[in-house]
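Let me begin by presenting the structure, written as structure tokens, before commenting on it.
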Amino acid sequence: MKRRRFLEHVGWTGAGVAYAMTAGGIARAASVPGDPYFVQISDSHIGFKLAANPDVAGTLQRAVEAINALPRTPQFVIHTGDVTHLAKAEQFDTAKHILSGLRAPLIVLPGEHDVLGGTPAAFLSAFPPQSGSQGWFSWEALGVHYVALVNVFDYERMGVLGNDQLAWLERDLAPLPASRPVVVFAHVPLYALYPAWGWTTADGARALALLARFDAVTVLNGHIHQVIEHAEGNIRFASADATAYPQPAPGTAAQPGPKTLPPDQLLRAIGYRTVELDAGTAAIRDVTFG
Ligand SMILES: [Zn+2]
Ligand SMILES: [Zn+2]
């Protein structure tokens with residue numbers, strides 16, 4: 001008998017909303033003791049069909065299977081955007097179907113590819129944000145303050161947060177002691193990683209100024225389809241590999257875009273990331289599929 005799959009929203013450790021999807025049909029929030037531990041995936045580009053990866057659904061499925069096979073179940077999996085390539089309804093359906101195989105609760109942020117045409121309606125319908133939020137939100141779990149930002153709603157050439165979101169972030173962070181570990185997610189890099197290719201957020205410095213007083217901040221993004229680490233004061237940045245295809249290193253090509261590798265090399269250039277926090281310090285492990 002074919003097992004039915006259910007998609008439900010579950011309130012997860014307070015303010016956060018996660019999608020807990022299990023093959024058995026019972027939505028549940030994973031409750032795993034120990035240090036904060038989660039997985040980041042990014043840039044699945046479902047619907048992309050060019051030579052850089054003719055089977056993006058297959059490599060996203062590979063990510064789901066690898067994450068489910070981890071020796072320790074992550075407390076959540078966050079997808080940091082570009083779930084789809086062209087924000088089409090059938091692409092969101094395919095992505096949701098594959099991601100519904102995850103055992104851990106899932107949180108999804110939009111990338112600019114998920115809001116093409118300037119409207120986030122298809123994304124927000126596929127992955128509804130926390131009720132009452134405008135798409136960005138925060139939550140606390142195991143002594144860590146997590147912030148999910150959206151810097152693609154006004155995307156043209158680079159990320160933008162906007163005054164409403166920055167005012168919200170200031171209010172959100174204000175009551176926290178400097179000792180509270182903070183983890184921030186966004187699709188586009190918040191710092192000037194490579195502005196010539198738009199790999200930056202126009203008003204990202206205003207967010208970083210609000211984060212500068214904390215002892216340990218980790219900022220994780222996607223969008224650039226490769227691992228690049230950086231630090232400014234107590235803020236540590238790490239962009240993630242895609243599950244779909246790599247892009248050139250900054251400045252090594254005329255422009256950003258899909259980088260086609262020999263077939264046997266693609267799986268070594270895409271993957272997922274596990275993050276474990278110990279007293280606020282993030283142990284980041286990037287795992288490729290090959
Ligand atoms: Zn992307
Ligand atoms: Zn992107």
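Naming scheme: A, B, ... for chains in displayed order of the structure tokens; residues 1 onward per chain; ligands 1 onward as shown.
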
Determine which residues of segment 48-148 of chain A DSSP labels as alpha helix (DSSP H) from the backbone of this structure, then write them out as a ChimeraX atom specification. /A:56-68,89-99,121-126

Could you please extract the residues within 6 Å of ligand 1, counting only C-alpha atoms and all ligand atoms, and hand them back as a PyMOL selection string? chain A and resi 43+82+223

Store the residues picked out above in a file with N, CA and C atoms, as a tab-separated table (two decimals), in the first residue's frame.
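File again_23.tsv, as written:
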```tsv
chain	number	residue	atom	x	y	z
A	43	ASP	N	20.35	26.18	-2.69
A	43	ASP	CA	20.47	26.28	-4.15
A	43	ASP	C	20.24	24.95	-4.87
A	82	ASP	N	16.83	29.60	-3.37
A	82	ASP	CA	16.92	29.06	-4.73
A	82	ASP	C	16.55	27.58	-4.69
A	223	HIS	N	23.46	31.12	-2.43
A	223	HIS	CA	23.50	32.02	-3.57
A	223	HIS	C	24.75	31.93	-4.44
```

Please provide the set of residues having any atom within 9 Å of Leu190 of chain A, restricted to only C-alpha atoms, with same-chain residues fewer than 5 positions apart removed, written as JSON, numbers by chain. {"A": [151, 159, 160, 199, 200, 201, 202, 203, 204, 205, 207, 208, 219, 221, 237]}

How would the residues just chosen look if you wrote them out with N, CA and C atoms as a CSV table (one decimal), in the first residue's frame?
```
chain,number,residue,atom,x,y,z
A,151,ASN,N,16.6,38.5,2.0
A,151,ASN,CA,17.2,39.6,1.3
A,151,ASN,C,17.1,39.5,-0.2
A,159,GLY,N,21.6,41.6,-2.9
A,159,GLY,CA,20.6,41.5,-1.9
A,159,GLY,C,20.1,42.8,-1.3
A,160,VAL,N,18.9,42.8,-0.8
A,160,VAL,CA,18.4,44.0,0.0
A,160,VAL,C,17.6,43.5,1.1
A,199,TRP,N,27.4,39.8,-5.3
A,199,TRP,CA,27.5,38.9,-4.2
A,199,TRP,C,27.7,39.7,-2.9
A,200,THR,N,26.6,40.5,-2.6
A,200,THR,CA,26.6,41.3,-1.4
A,200,THR,C,25.2,41.8,-1.1
A,201,THR,N,24.9,42.4,0.0
A,201,THR,CA,23.6,42.9,0.3
A,201,THR,C,23.7,44.4,0.5
A,202,ALA,N,23.0,45.2,-0.2
A,202,ALA,CA,23.1,46.6,-0.3
A,202,ALA,C,23.1,47.2,1.1
A,203,ASP,N,22.2,46.8,2.0
A,203,ASP,CA,22.1,47.4,3.3
A,203,ASP,C,22.5,46.3,4.4
A,204,GLY,N,23.3,45.4,4.0
A,204,GLY,CA,23.8,44.3,4.9
A,204,GLY,C,24.6,44.9,6.0
A,205,ALA,N,25.4,45.9,5.8
A,205,ALA,CA,26.2,46.5,6.8
A,205,ALA,C,25.4,47.0,8.0
A,207,ALA,N,22.7,45.5,9.1
A,207,ALA,CA,22.4,44.3,9.9
A,207,ALA,C,23.6,43.9,10.7
A,208,LEU,N,24.8,44.0,10.1
A,208,LEU,CA,26.0,43.5,10.8
A,208,LEU,C,26.3,44.5,11.9
A,219,VAL,N,27.0,33.6,10.5
A,219,VAL,CA,26.1,34.0,9.4
A,219,VAL,C,26.3,33.0,8.2
A,221,ASN,N,25.0,31.6,4.4
A,221,ASN,CA,24.2,31.9,3.3
A,221,ASN,C,24.4,30.9,2.1
A,237,PHE,N,31.4,34.3,8.8
A,237,PHE,CA,30.5,34.0,7.7
A,237,PHE,C,30.9,32.8,7.0
```

I need the strand (DSSP E or B) residues of segment 90-269 of chain A per DSSP on the backbone, written as a ChimeraX atom specification. /A:106-108,137-141,144-148,159,182-186,194,199,201,217-221,228-232,235-239

Keeping N, CA and C atoms for every residue in the selection just given, could you write it to a file as a short mmCIF file (atom, residue, chain, number, x, y, z; two decimals), in the first residue's frame?
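File out33.cif, as written:
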```cif
data_model
loop_
_atom_site.label_atom_id
_atom_site.label_comp_id
_atom_site.auth_asym_id
_atom_site.auth_seq_id
_atom_site.Cartn_x
_atom_site.Cartn_y
_atom_site.Cartn_z
N LEU A 106 11.97 20.95 8.63
CA LEU A 106 12.56 21.75 7.55
C LEU A 106 12.13 23.21 7.66
N ILE A 107 13.07 24.10 7.47
CA ILE A 107 12.80 25.54 7.38
C ILE A 107 13.33 25.99 6.02
N VAL A 108 12.55 26.79 5.30
CA VAL A 108 12.95 27.18 3.94
C VAL A 108 12.94 28.70 3.81
N PHE A 137 11.96 35.82 10.36
CA PHE A 137 11.55 35.50 11.72
C PHE A 137 12.75 35.01 12.51
N SER A 138 12.55 34.83 13.81
CA SER A 138 13.63 34.34 14.67
C SER A 138 13.05 33.33 15.65
N TRP A 139 13.91 32.53 16.23
CA TRP A 139 13.47 31.60 17.26
C TRP A 139 14.66 31.25 18.14
N GLU A 140 14.33 30.71 19.31
CA GLU A 140 15.37 30.32 20.25
C GLU A 140 15.30 28.82 20.46
N ALA A 141 16.44 28.19 20.52
CA ALA A 141 16.47 26.76 20.84
C ALA A 141 17.81 26.43 21.46
N VAL A 144 20.44 29.12 21.85
CA VAL A 144 20.92 29.83 20.65
C VAL A 144 19.78 30.67 20.09
N HIS A 145 20.10 31.89 19.65
CA HIS A 145 19.12 32.74 18.98
C HIS A 145 19.33 32.62 17.47
N TYR A 146 18.35 32.10 16.77
CA TYR A 146 18.42 31.92 15.32
C TYR A 146 17.60 33.01 14.63
N VAL A 147 18.15 33.57 13.56
CA VAL A 147 17.46 34.61 12.80
C VAL A 147 17.44 34.21 11.32
N ALA A 148 16.27 34.15 10.74
CA ALA A 148 16.12 33.85 9.31
C ALA A 148 15.74 35.14 8.59
N GLY A 159 21.56 41.62 -2.94
CA GLY A 159 20.58 41.47 -1.88
C GLY A 159 20.15 42.80 -1.29
N VAL A 182 24.38 33.76 18.43
CA VAL A 182 23.42 34.13 17.39
C VAL A 182 23.83 33.46 16.08
N VAL A 183 22.86 32.84 15.43
CA VAL A 183 23.08 32.26 14.10
C VAL A 183 22.10 32.92 13.14
N VAL A 184 22.62 33.47 12.06
CA VAL A 184 21.81 34.19 11.09
C VAL A 184 21.85 33.46 9.75
N PHE A 185 20.67 33.29 9.14
CA PHE A 185 20.58 32.70 7.81
C PHE A 185 20.04 33.74 6.84
N ALA A 186 20.57 33.75 5.62
CA ALA A 186 20.03 34.59 4.55
C ALA A 186 20.48 33.96 3.23
N TYR A 194 31.69 39.75 -3.01
CA TYR A 194 32.21 40.10 -4.33
C TYR A 194 31.18 40.99 -5.04
N TRP A 199 27.42 39.84 -5.31
CA TRP A 199 27.49 38.92 -4.18
C TRP A 199 27.65 39.71 -2.88
N THR A 201 24.94 42.39 0.01
CA THR A 201 23.61 42.91 0.34
C THR A 201 23.74 44.41 0.53
N VAL A 217 28.75 35.25 16.61
CA VAL A 217 27.71 35.30 15.58
C VAL A 217 28.17 34.47 14.39
N THR A 218 27.29 33.64 13.88
CA THR A 218 27.57 32.84 12.69
C THR A 218 26.54 33.20 11.63
N VAL A 219 27.00 33.61 10.45
CA VAL A 219 26.10 34.01 9.37
C VAL A 219 26.29 33.03 8.21
N LEU A 220 25.22 32.33 7.86
CA LEU A 220 25.29 31.28 6.84
C LEU A 220 24.41 31.66 5.65
N ASN A 221 24.95 31.57 4.44
CA ASN A 221 24.18 31.94 3.26
C ASN A 221 24.40 30.93 2.14
N ILE A 228 32.77 29.65 0.96
CA ILE A 228 33.75 30.71 1.21
C ILE A 228 33.54 31.17 2.64
N GLU A 229 34.62 31.21 3.41
CA GLU A 229 34.53 31.65 4.80
C GLU A 229 35.20 33.01 4.95
N HIS A 230 34.74 33.73 5.98
CA HIS A 230 35.18 35.12 6.17
C HIS A 230 34.86 35.47 7.62
N ALA A 231 35.56 36.44 8.17
CA ALA A 231 35.25 36.89 9.54
C ALA A 231 35.41 38.39 9.63
N GLU A 232 34.53 39.01 10.42
CA GLU A 232 34.64 40.44 10.74
C GLU A 232 34.34 40.56 12.22
N ILE A 235 31.96 38.18 14.11
CA ILE A 235 31.00 37.63 13.17
C ILE A 235 31.73 36.74 12.16
N ARG A 236 31.30 35.50 12.12
CA ARG A 236 31.90 34.54 11.18
C ARG A 236 30.89 34.24 10.08
N PHE A 237 31.36 34.26 8.85
CA PHE A 237 30.50 34.04 7.68
C PHE A 237 30.93 32.76 6.98
N ALA A 238 29.95 32.03 6.45
CA ALA A 238 30.28 30.86 5.63
C ALA A 238 29.17 30.65 4.61
N SER A 239 29.52 30.80 3.34
CA SER A 239 28.56 30.46 2.28
C SER A 239 28.65 28.97 2.02
#
```

List all protein, DNA and RNA residues that have any atom at most 9 Å from ligand 2, counting only C-alpha atoms and all ligand atoms, and write the list as a VMD selection string. chain A and resid 43 81 to 82 110 to 114 152 187 to 188 222 to 225

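Ranking A:Val227, A:Gly233, A:Asn53, A:Trp197 by their shortest atom-to-atom distance to Ala254 of chain A, with only C-alpha atoms included, puts A:Trp197 first.
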
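Closest approach to Glu170 of chain A among A:Pro195, A:Ala212, A:Thr80, A:Pro262 is made by A:Ala212 (distances from only C-alpha atoms).
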
Exercise: Asp264 of chain A partners within 12 Å, only C-alpha atoms, chain neighbours under 4 positions left out, as a list in words: Ala52, Asn53, Thr260, Arg268, Ala269, Ile270, Phe289 and Gly290 of chain A

Just want the 9 Å neighbourhood of segment 120-123 of chain A, counted on only C-alpha atoms, with same-chain residues fewer than 5 positions away dropped. Output as number ranges by chain. A: 87-89, 92, 110, 114-115, 128, 153

Those same residues - all heavy atoms - I'd like them written as a PDB file, in the first residue's frame.
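Done, and the output landed in selection-v8.pdb:
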```
ATOM      1  N   ALA A  87      10.746  29.511 -10.119  1.00  0.00           N
ATOM      2  CA  ALA A  87       9.588  29.814  -9.255  1.00  0.00           C
ATOM      3  C   ALA A  87       8.274  29.316  -9.833  1.00  0.00           C
ATOM      4  O   ALA A  87       7.216  29.894  -9.574  1.00  0.00           O
ATOM      5  CB  ALA A  87       9.516  31.320  -8.955  1.00  0.00           C
ATOM      6  N   LYS A  88       8.324  28.244 -10.628  1.00  0.00           N
ATOM      7  CA  LYS A  88       7.087  27.713 -11.199  1.00  0.00           C
ATOM      8  C   LYS A  88       6.425  26.757 -10.206  1.00  0.00           C
ATOM      9  O   LYS A  88       7.104  26.063  -9.442  1.00  0.00           O
ATOM     10  CB  LYS A  88       7.381  26.962 -12.493  1.00  0.00           C
ATOM     11  CG  LYS A  88       7.930  27.891 -13.564  1.00  0.00           C
ATOM     12  CD  LYS A  88       7.893  27.234 -14.935  1.00  0.00           C
ATOM     13  CE  LYS A  88       7.905  28.309 -16.005  1.00  0.00           C
ATOM     14  NZ  LYS A  88       8.767  28.086 -17.094  1.00  0.00           N
ATOM     15  N   ALA A  89       5.085  26.703 -10.279  1.00  0.00           N
ATOM     16  CA  ALA A  89       4.341  25.889  -9.310  1.00  0.00           C
ATOM     17  C   ALA A  89       4.811  24.442  -9.337  1.00  0.00           C
ATOM     18  O   ALA A  89       4.988  23.812  -8.287  1.00  0.00           O
ATOM     19  CB  ALA A  89       2.843  25.976  -9.612  1.00  0.00           C
ATOM     20  N   PHE A  92       8.063  24.052  -7.456  1.00  0.00           N
ATOM     21  CA  PHE A  92       7.856  24.014  -5.999  1.00  0.00           C
ATOM     22  C   PHE A  92       7.278  22.669  -5.573  1.00  0.00           C
ATOM     23  O   PHE A  92       7.664  22.113  -4.545  1.00  0.00           O
ATOM     24  CB  PHE A  92       6.938  25.157  -5.545  1.00  0.00           C
ATOM     25  CG  PHE A  92       7.635  26.490  -5.472  1.00  0.00           C
ATOM     26  CD1 PHE A  92       7.296  27.530  -6.319  1.00  0.00           C
ATOM     27  CD2 PHE A  92       8.652  26.706  -4.547  1.00  0.00           C
ATOM     28  CE1 PHE A  92       7.950  28.753  -6.257  1.00  0.00           C
ATOM     29  CE2 PHE A  92       9.302  27.927  -4.473  1.00  0.00           C
ATOM     30  CZ  PHE A  92       8.951  28.955  -5.332  1.00  0.00           C
ATOM     31  N   PRO A 110      13.591  31.947   0.960  1.00  0.00           N
ATOM     32  CA  PRO A 110      13.601  32.132  -0.484  1.00  0.00           C
ATOM     33  C   PRO A 110      14.939  32.663  -0.995  1.00  0.00           C
ATOM     34  O   PRO A 110      15.626  33.433  -0.319  1.00  0.00           O
ATOM     35  CB  PRO A 110      12.498  33.179  -0.702  1.00  0.00           C
ATOM     36  CG  PRO A 110      12.513  33.978   0.561  1.00  0.00           C
ATOM     37  CD  PRO A 110      12.896  33.040   1.665  1.00  0.00           C
ATOM     38  N   ASP A 114      13.420  32.056  -6.434  1.00  0.00           N
ATOM     39  CA  ASP A 114      12.106  31.638  -5.937  1.00  0.00           C
ATOM     40  C   ASP A 114      11.074  32.761  -5.982  1.00  0.00           C
ATOM     41  O   ASP A 114       9.892  32.525  -5.701  1.00  0.00           O
ATOM     42  CB  ASP A 114      12.217  31.127  -4.494  1.00  0.00           C
ATOM     43  CG  ASP A 114      13.154  29.930  -4.394  1.00  0.00           C
ATOM     44  OD1 ASP A 114      13.029  29.021  -5.238  1.00  0.00           O
ATOM     45  OD2 ASP A 114      13.998  29.917  -3.478  1.00  0.00           O
ATOM     46  N   VAL A 115      11.521  33.965  -6.275  1.00  0.00           N
ATOM     47  CA  VAL A 115      10.596  35.116  -6.297  1.00  0.00           C
ATOM     48  C   VAL A 115      10.737  35.867  -7.620  1.00  0.00           C
ATOM     49  O   VAL A 115      10.578  37.091  -7.676  1.00  0.00           O
ATOM     50  CB  VAL A 115      10.835  36.064  -5.093  1.00  0.00           C
ATOM     51  CG1 VAL A 115      10.561  35.337  -3.790  1.00  0.00           C
ATOM     52  CG2 VAL A 115      12.258  36.610  -5.064  1.00  0.00           C
ATOM     53  N   PRO A 128       4.860  28.445   3.551  1.00  0.00           N
ATOM     54  CA  PRO A 128       4.329  29.584   4.322  1.00  0.00           C
ATOM     55  C   PRO A 128       5.243  29.916   5.500  1.00  0.00           C
ATOM     56  O   PRO A 128       5.692  29.015   6.216  1.00  0.00           O
ATOM     57  CB  PRO A 128       2.973  29.086   4.819  1.00  0.00           C
ATOM     58  CG  PRO A 128       2.630  27.929   3.947  1.00  0.00           C
ATOM     59  CD  PRO A 128       3.934  27.306   3.549  1.00  0.00           C
ATOM     60  N   PHE A 153      13.552  39.885  -1.599  1.00  0.00           N
ATOM     61  CA  PHE A 153      12.239  40.382  -2.013  1.00  0.00           C
ATOM     62  C   PHE A 153      12.354  41.587  -2.948  1.00  0.00           C
ATOM     63  O   PHE A 153      11.468  41.827  -3.768  1.00  0.00           O
ATOM     64  CB  PHE A 153      11.381  40.735  -0.793  1.00  0.00           C
ATOM     65  CG  PHE A 153      10.760  39.530  -0.119  1.00  0.00           C
ATOM     66  CD1 PHE A 153      10.151  39.658   1.122  1.00  0.00           C
ATOM     67  CD2 PHE A 153      10.756  38.282  -0.716  1.00  0.00           C
ATOM     68  CE1 PHE A 153       9.568  38.562   1.756  1.00  0.00           C
ATOM     69  CE2 PHE A 153      10.176  37.174  -0.102  1.00  0.00           C
ATOM     70  CZ  PHE A 153       9.579  37.319   1.142  1.00  0.00           C
TER      71      PHE A 153
END
```

Which neighbours of Phe214 of chain A fall inside 10 Å, counting only C-alpha atoms, when residues of the same chain fewer than 3 positions from it are skipped, and could you give them as JSON, numbers by chain? {"A": [173, 176, 177, 178, 179, 180, 181, 182, 210, 211, 217, 233, 234, 235]}

Considering only C-alpha atoms, state which residue in the set A:Val275, A:His85, A:Val150, A:Gly198 is at the smallest distance from Leu50 of chain A. A:His85

Between atom CA of Thr84 of chain A and atom CA of Leu193 of chain A lies a distance of 23.4 Å
